[in-house]
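This report refers to the structure that appears directly beneath it.
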Amino acid sequence: MQHILIADDNRDITDVLSTYSRMEGFEPVVAEDGEEAYKLFTQYNPEVVLLDVMMPKEDGYEVCRKIRSQSNVPVILITARGEDFDKIMGLDIGADDYIVKPFSPREVMARVRAVLRRMTNSNKDNSSKNVLTIKDLKINLDEYTLYIGEHKITLTKKEIETMWTLASNPNKVFTRDNLLDSLWGYDYYGDSRTVDSHIKRLRAKLDKVEHPHWTIKTIWGVGYKFEILD
């Protein structure tokens, strides 16, 4: 039986998500605070995690950081706060998706299916080609690492996936909607401005090390591409 971890201090929410999770074939494991959520995660090793951001003892951001330090299991954050800063922070620490309350439980299950589908497709791709090297850039999807020369750049899971998507298609222009579809899935109901903020933070990290042979180029009014400069 595949487990799904549902962490929220609102019993009504965990009850309804548990019901819909069972309909999807999952066995729900429920936590009412952040400390319990992380304990249950280590105990059950769930297939996917639904984390409320505002929880007692430890918030969802901190639990997500702990989970991401040891696992690439899909994590979906759920919160009543829908500001761009909160969404970007959640994605930056490694969350795979972000749902704002109030929500439809059917939408939550659609997001769950989407992240699991992307994980399955990524694993299939990794079995045949999991390392990409272009000039001084090296991306390893098995280890989720990125190097520029000898320098390891610390990136989130989503930032690694963004670089892989762009760099494995040199000079191909991706629209913002393309990137939302590729990285967050067709069931993602996000704002395309999320992509701009995500790329801005990614560039800031990459630019800490010189990389004269390639760049992430903005195509104004369209999107972005990975461009090889020489």
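Each chain of the structure tokens is named A, B, ... in the order shown, its residues numbered from 1; ligands are numbered from 1 in display order.
Neighbours of Asp230 (chain A) closer than or equal to 8 Å, with only C-alpha atoms counted and sequence neighbours fewer than 2 positions away skipped, come out as His213, Trp214 and Ile228 of chain A.
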Exercise for review: Going by DSSP on the backbone, which bits of region 57-218 of chain A are strand (DSSP E or B)? Write them as a PyMOL selection string, please.
Suggested key: chain A and resi 75-79+97-100+131-134+137-140+145-148+151-152+174-175+214-218
Only N, CA and C atoms, please: the residues just picked out, written as a CSV table (one decimal), in the first residue's frame.
```csv
chain,number,residue,atom,x,y,z
A,75,VAL,N,6.6,16.9,-2.6
A,75,VAL,CA,6.1,17.6,-1.5
A,75,VAL,C,5.2,18.8,-2.0
A,76,ILE,N,3.9,18.8,-1.6
A,76,ILE,CA,3.0,19.8,-1.9
A,76,ILE,C,2.6,20.6,-0.7
A,77,LEU,N,2.9,21.9,-0.7
A,77,LEU,CA,2.6,22.8,0.4
A,77,LEU,C,1.1,23.3,0.3
A,78,ILE,N,0.5,23.4,1.4
A,78,ILE,CA,-0.9,23.9,1.5
A,78,ILE,C,-1.0,25.0,2.5
A,79,THR,N,-1.5,26.2,2.1
A,79,THR,CA,-1.5,27.3,3.0
A,79,THR,C,-2.7,28.3,2.7
A,97,ASP,N,5.0,21.8,-5.5
A,97,ASP,CA,3.8,22.5,-5.8
A,97,ASP,C,3.3,23.2,-4.6
A,98,TYR,N,2.3,24.1,-4.8
A,98,TYR,CA,1.8,25.0,-3.8
A,98,TYR,C,0.3,25.3,-4.0
A,99,ILE,N,-0.5,24.9,-3.0
A,99,ILE,CA,-1.9,25.1,-3.1
A,99,ILE,C,-2.4,26.1,-2.0
A,100,VAL,N,-3.3,27.0,-2.4
A,100,VAL,CA,-3.8,28.0,-1.5
A,100,VAL,C,-5.2,27.6,-1.1
A,131,VAL,N,23.2,12.3,-16.8
A,131,VAL,CA,24.2,13.3,-16.7
A,131,VAL,C,24.3,14.1,-17.9
A,132,LEU,N,24.3,15.4,-17.8
A,132,LEU,CA,24.4,16.3,-18.9
A,132,LEU,C,25.7,17.2,-18.7
A,133,THR,N,26.5,17.2,-19.7
A,133,THR,CA,27.7,18.0,-19.7
A,133,THR,C,27.8,18.9,-20.9
A,134,ILE,N,27.9,20.2,-20.6
A,134,ILE,CA,28.0,21.2,-21.7
A,134,ILE,C,29.1,22.2,-21.3
A,137,LEU,N,29.7,23.2,-17.6
A,137,LEU,CA,28.5,22.9,-16.9
A,137,LEU,C,28.2,21.3,-16.8
A,138,LYS,N,28.0,20.8,-15.6
A,138,LYS,CA,27.7,19.4,-15.4
A,138,LYS,C,26.5,19.3,-14.5
A,139,ILE,N,25.4,18.6,-15.0
A,139,ILE,CA,24.2,18.4,-14.2
A,139,ILE,C,24.0,16.9,-14.1
A,140,ASN,N,23.8,16.4,-12.8
A,140,ASN,CA,23.6,15.0,-12.6
A,140,ASN,C,22.2,14.9,-11.9
A,145,THR,N,22.7,17.3,-8.5
A,145,THR,CA,23.9,18.2,-8.3
A,145,THR,C,24.1,19.0,-9.6
A,146,LEU,N,24.7,20.1,-9.5
A,146,LEU,CA,25.1,21.0,-10.6
A,146,LEU,C,26.5,21.6,-10.3
A,147,TYR,N,27.4,21.4,-11.2
A,147,TYR,CA,28.7,22.0,-11.1
A,147,TYR,C,29.0,22.9,-12.3
A,148,ILE,N,29.7,24.0,-11.9
A,148,ILE,CA,30.3,24.9,-13.0
A,148,ILE,C,31.8,24.7,-12.7
A,151,HIS,N,33.2,24.0,-9.2
A,151,HIS,CA,32.4,24.6,-8.2
A,151,HIS,C,31.0,24.0,-8.2
A,152,LYS,N,30.6,23.4,-7.0
A,152,LYS,CA,29.3,22.9,-6.8
A,152,LYS,C,28.4,24.0,-6.5
A,174,PHE,N,11.8,28.4,-24.5
A,174,PHE,CA,10.6,27.9,-23.7
A,174,PHE,C,9.8,29.1,-23.3
A,175,THR,N,8.5,29.1,-23.6
A,175,THR,CA,7.6,30.1,-23.1
A,175,THR,C,7.4,29.9,-21.6
A,214,TRP,N,28.2,29.9,-21.7
A,214,TRP,CA,26.8,29.7,-21.8
A,214,TRP,C,26.0,30.7,-20.9
A,215,THR,N,24.7,30.9,-21.2
A,215,THR,CA,23.9,31.8,-20.3
A,215,THR,C,22.4,31.4,-20.5
A,216,ILE,N,21.7,31.8,-19.5
A,216,ILE,CA,20.2,31.7,-19.6
A,216,ILE,C,19.7,33.0,-20.2
A,217,LYS,N,19.2,33.1,-21.4
A,217,LYS,CA,18.9,34.3,-22.0
A,217,LYS,C,17.4,34.5,-22.0
A,218,THR,N,17.0,35.8,-21.7
A,218,THR,CA,15.6,36.2,-21.7
A,218,THR,C,15.2,36.5,-23.1
```
Exercise for review: Counting only C-alpha atoms, figure out which residue out of A:Asn178, A:Ala110, A:Pro56, A:Phe26 gets nearest to Asp8 (chain A).
Suggested key: A:Pro56
Check your understanding: In region 6-210 of chain A, what's helix (DSSP H, G or I) per DSSP? Answer as a PyMOL selection string?
Key -> chain A and resi 11-23+34-44+60-68+84-92+105-128+157-167+176-184+193-206
Review point. With only C-alpha atoms as the atoms that count, which of A:Val16, A:Ala95, A:Ile4, A:Ala204 lies nearest to Val53 (chain A)?
Key: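 Closest to Val53 (chain A), using only C-alpha atoms: A:Ala95.
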Study note, to complete from the structure: With distances taken over only C-alpha atoms, the candidate from A:Leu179, A:Leu51, A:Leu116, A:Ala7 nearest Lys158 (chain A) is A:Leu179
Check your understanding: Which residue out of A:Lys66, A:His3, A:Lys157, A:Arg11 has the minimum interatomic distance to Val48 (chain A) when only C-alpha atoms are used?
Key ->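 For Val48 (chain A), the nearest of the candidates is A:His3.
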Using only C-alpha atoms, what table do you get, as JSON lines, when you list each residue of region 209-229 of chain A with an atom no more than 8 Å from region 159-170 of chain A, its nearest pair of atoms, and their distance in Å rounded to one decimal, rows by chain then rising number?
```
{"residue": "A:Lys225", "atom": "CA", "partner": "A:Leu166", "partner_atom": "CA", "distance": 6.1}
{"residue": "A:Phe226", "atom": "CA", "partner": "A:Pro170", "partner_atom": "CA", "distance": 5.2}
{"residue": "A:Glu227", "atom": "CA", "partner": "A:Pro170", "partner_atom": "CA", "distance": 5.9}
{"residue": "A:Ile228", "atom": "CA", "partner": "A:Pro170", "partner_atom": "CA", "distance": 6.9}
```
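Minimum atom-to-atom distance to Ala80 (chain A), evaluated using only C-alpha atoms, belongs to A:Asp52 out of A:Arg193, A:Asp96, A:Asp52, A:Glu107.
From CA of Leu180 (chain A) back to CA of Ile13 (chain A), the distance works out to 27.2 Å.
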